[in-house]
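Let me begin by presenting the structure, written as structure tokens, before commenting on it.
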Amino acid sequence: MHKNMQGHGSGISPLAIRRELDQISRFSPNLLIRQLLEEAVIHQKSHQEVLPCQPSLRKFHGAVLFVDISGFTQLSQKLDVDNLRKFINAYFKKLIDIVHKYSGEIVKFAGDAMYIIWQTPAPPTGTNS
């Protein structure tokens, strides 16, 4: 982690944060990477020297999908490790391809489960949502 990212009230330059994001982008949801890049651009345009490194909250409209394999514990007890690995890799590959095809964001893997989100446009004002 970049040395300026540690400590309270510290910041990081936009160029340094882009390098950091390149390194973590394989392991982080695209939604988070886009948010951090947007913040870097905003701070760069405002001619601030450093980005504040503080927790933040961003609300958005979207859909959430939690998927897991029903009966996975029983399946894992019946298959040997190599066949179980092949099965779960094939399963995840199919799911990942579908998620990416429909512009979803895989937020987390947890064992045999996936947590997926899709950002959606905000509903028109004045409607029940």
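Note on naming: chains are A, B, ... as they come in the structure tokens, residues start from 1 per chain, ligands start from 1 in the order shown.
Excluding Phe92 (chain A) and any residue on its chain fewer than 2 positions from it, the residues at most 12 Å away by only C-alpha atoms are Val67, Asp68, Ile69, Arg85, Lys86, Phe87, Ile88, Asn89, Ala90, Lys94, Leu95, Ile96, Asp97, Ile98, Val99, His100, Ile106, Phe109, Ala110, Gly111, Asp112, Ala113, Met114 and Tyr115 of chain A.
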If you measure from CA of Ala63 (chain A) to CA of Trp118 (chain A), what distance in Å do you get, rounded to one decimal? 5.2 Å
Could you jot down the CA of Ile117 (chain A) to CA of Leu65 (chain A) separation for me, Å, one decimal place? 6.2 Å
Residue contacts of Leu32 (chain A) (12 Å, only C-alpha atoms) excluding same-chain residues fewer than 6 positions away, as a PyMOL selection string: chain A and resi 21+24-26+38-39+56-58+105-107+117
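Atom pair CA of Ile116 (chain A) / CA of Ser28 (chain A): separated by 12.6 Å.
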Show which residues sit within 8 Å of Leu37 (chain A), as number ranges by chain. Count only C-alpha atoms, and ignore same-chain residues fewer than 4 positions away. A: 18, 33, 41
Taking only C-alpha atoms into account, name the residue in A:Val81, A:Ala16, A:Thr125, A:Thr120 that is nearest to Gly104 (chain A). A:Thr120
Taking the DSSP secondary structure from the backbone, can you list the residues of region 43-125 of chain A that are helix (DSSP H, G or I), as a PyMOL selection string? chain A and resi 43-45+72-78+81-101
